[in-house]
Amino acid sequence: MSFPEDFRLISYLSRLEHAVRFPLSSSYPESMSIDTLFELAGKEHRAPFMQTMLDYPPLRGTPELLEAIAATYRQVTPRQVISFAGADEAIYASFQMLLEPGDHAVVITPNYQSLESVPMSRCDVTGVALDENNDWALDTAKVRAALRANTKVLVINFPHNPTGALISREQLNELIEICRERGIWIFSDEVYRLTEFDPADRLPQLADVYERGISLNVTSKAYGLPGLRIGWVACQDDVWMQKLERMKQYLSICNSMPGEFLTTLALNARAPILERVMERSRSQLAALTAFLARYPDRFSLAVPKAGVLAFPRYTGPEGAKVFATRLVEEAGVMVIPSVTYASELNPVSEDFLRIGFGRANLDQALAEMGKWLDKQ
């Protein structure tokens, strides 16, 4: 494949954003002002922030940031963390350092596109599809069957984007044992971790439980702070982390000092931030579920177990893509058709819609969508 290829999701958003009054498509919770962050984290941090020198932070991140990130893990130390300019840079850098021509990777589909596109630019890749007819369940036997003698990496994403699906702890343990038998790395996109509606469903982070586990996270999803643009990778393998550090030398080199300061602040105050996010997410998922139930001839939803995205099947006659285009052009409400999640590895049904329910204006967006639907 050619690389970089068109990032379908980003292109779709860019093409239609001029028409949007109500973005019912956001993949992150309602964000907050810096003032609100200081209210949650402690006003005593305001003066140190204002006095922060706008210098280069260290390549891996300031000591304070790395300590704050490591504190979100059980086994990972600050020396086993590298910060990045968001999650996408971390994805790109990680696969550059994991995969070479002649290797093979296994990737779960559907997915956030760079989780498959970047590996495909490096080596052969096999996709393993979640079951759209069984609440997006994963069949671990299919993962085992997809492995080859030269498989280097298994790429997983739970809680899953865009369906909100999860696997069980037993399934995770099985994946770890499958990979441990062969020395295969597991790259685990965990950006929606801590948004589980039932905490009993929460999985451990791969970097905590597997010596070749690579955990990806970011401030944008669970914390609702996308504007900080801070992501990170955690892994217990120090040799590989040194390779990853060298890759970052050719990319952003370092993050911004204000971003690192505020991220440190947010992670150290994560309990009230997460509580704020989840209180809204729970109530708004209930509102969205009730709204979709008003139109049983158009929508069928496997209720997400985590995150702020729902992925209902659209059963109207015109199809999901036409529906989404008309909705944004005629009502100014944006949802995203599943054609944007098309995969080079497996067929992905075009009958689904991505709907974000984490933003504060959800009621307005649903009201406008309802008015439009009732006229059809």
# chains A, B, ... in the order shown; residues from 1 in each chain; ligands from 1

$ closest_atom_pairs --of "region 186-258 of chain A" --to "region 154-158 of chain A" --cutoff "6 Å" --atoms "only C-alpha atoms" --output "tab-separated table"
residue	atom	partner	partner_atom	distance
A:Ile186	CA	A:Leu154	CA	4.8
A:Phe187	CA	A:Val155	CA	4.8
A:Ser188	CA	A:Ile156	CA	5.0
A:Asp189	CA	A:Asn157	CA	4.6

$ residues_around --residues "region 69-76 of chain A" --least-positions-apart "6" --cutoff "12 Å" --atoms "only C-alpha atoms" --output "PyMOL selection string"
chain A and resi 60-63+82-83+193-194+203-211+213-219+230-238+260+263-271

$ residues_around --residues "Glu89 (chain A)" --least-positions-apart "6" --cutoff "9 Å" --atoms "only C-alpha atoms" --output "ChimeraX atom specification"
/A:231,248,251-252

$ residues_around --residues "Gly127 (chain A)" --least-positions-apart "5" --cutoff "9 Å" --atoms "only C-alpha atoms" --output "list in words"
Ala105, Val106, Val107, Ile108, Thr109, Pro110, Glu116, Val143, Ala146, Ser343, Glu344, Leu345 and Asn346 of chain A

$ closest_residue --among "A:Gln113, A:Thr77, A:Gln51, A:Gln364" --to "Gln284 (chain A)" --atoms "only C-alpha atoms"
A:Gln364

$ residues_around --residues "Ala293 (chain A)" --least-positions-apart "6" --cutoff "12 Å" --atoms "only C-alpha atoms" --output "PyMOL selection string"
chain A and resi 286-287+299-303+312+370

$ decode --residues "region 121-137 of chain A" --atoms "N, CA and C atoms" --output "compact mmCIF listing (two decimals), in the first residue's frame"
# COMPACT_ATOMS: atom_id res chain seq x y z
N SER A 121 2.29 -0.24 6.30
CA SER A 121 3.37 0.42 5.57
C SER A 121 4.72 -0.22 5.86
N ARG A 122 4.76 -1.11 6.86
CA ARG A 122 6.01 -1.72 7.28
C ARG A 122 6.13 -3.19 6.88
N CYS A 123 4.99 -3.92 6.89
CA CYS A 123 5.07 -5.37 6.70
C CYS A 123 3.70 -5.94 6.35
N ASP A 124 3.60 -7.26 6.24
CA ASP A 124 2.32 -7.92 6.03
C ASP A 124 1.48 -7.85 7.30
N VAL A 125 0.17 -7.66 7.11
CA VAL A 125 -0.74 -7.54 8.25
C VAL A 125 -1.98 -8.38 7.98
N THR A 126 -2.45 -9.08 9.00
CA THR A 126 -3.70 -9.84 8.94
C THR A 126 -4.70 -9.21 9.91
N GLY A 127 -5.93 -9.04 9.46
CA GLY A 127 -6.97 -8.49 10.33
C GLY A 127 -7.82 -9.59 10.95
N VAL A 128 -8.21 -9.38 12.19
CA VAL A 128 -9.18 -10.24 12.87
C VAL A 128 -10.37 -9.37 13.25
N ALA A 129 -11.53 -9.69 12.69
CA ALA A 129 -12.71 -8.84 12.85
C ALA A 129 -13.48 -9.16 14.12
N LEU A 130 -13.92 -8.12 14.81
CA LEU A 130 -14.90 -8.29 15.87
C LEU A 130 -16.24 -8.68 15.24
N ASP A 131 -17.08 -9.38 15.99
CA ASP A 131 -18.34 -9.90 15.46
C ASP A 131 -19.44 -8.85 15.61
N GLU A 132 -19.80 -8.22 14.51
CA GLU A 132 -20.82 -7.16 14.56
C GLU A 132 -22.19 -7.70 14.95
N ASN A 133 -22.42 -8.99 14.80
CA ASN A 133 -23.71 -9.58 15.14
C ASN A 133 -23.74 -10.17 16.55
N ASN A 134 -22.67 -9.99 17.30
CA ASN A 134 -22.59 -10.51 18.66
C ASN A 134 -21.96 -9.47 19.58
N ASP A 135 -22.53 -8.26 19.55
CA ASP A 135 -22.07 -7.15 20.40
C ASP A 135 -20.57 -6.90 20.26
N TRP A 136 -20.04 -7.10 19.05
CA TRP A 136 -18.64 -6.82 18.75
C TRP A 136 -17.69 -7.65 19.60
N ALA A 137 -18.02 -8.91 19.73
CA ALA A 137 -17.19 -9.83 20.52
C ALA A 137 -15.95 -10.23 19.75
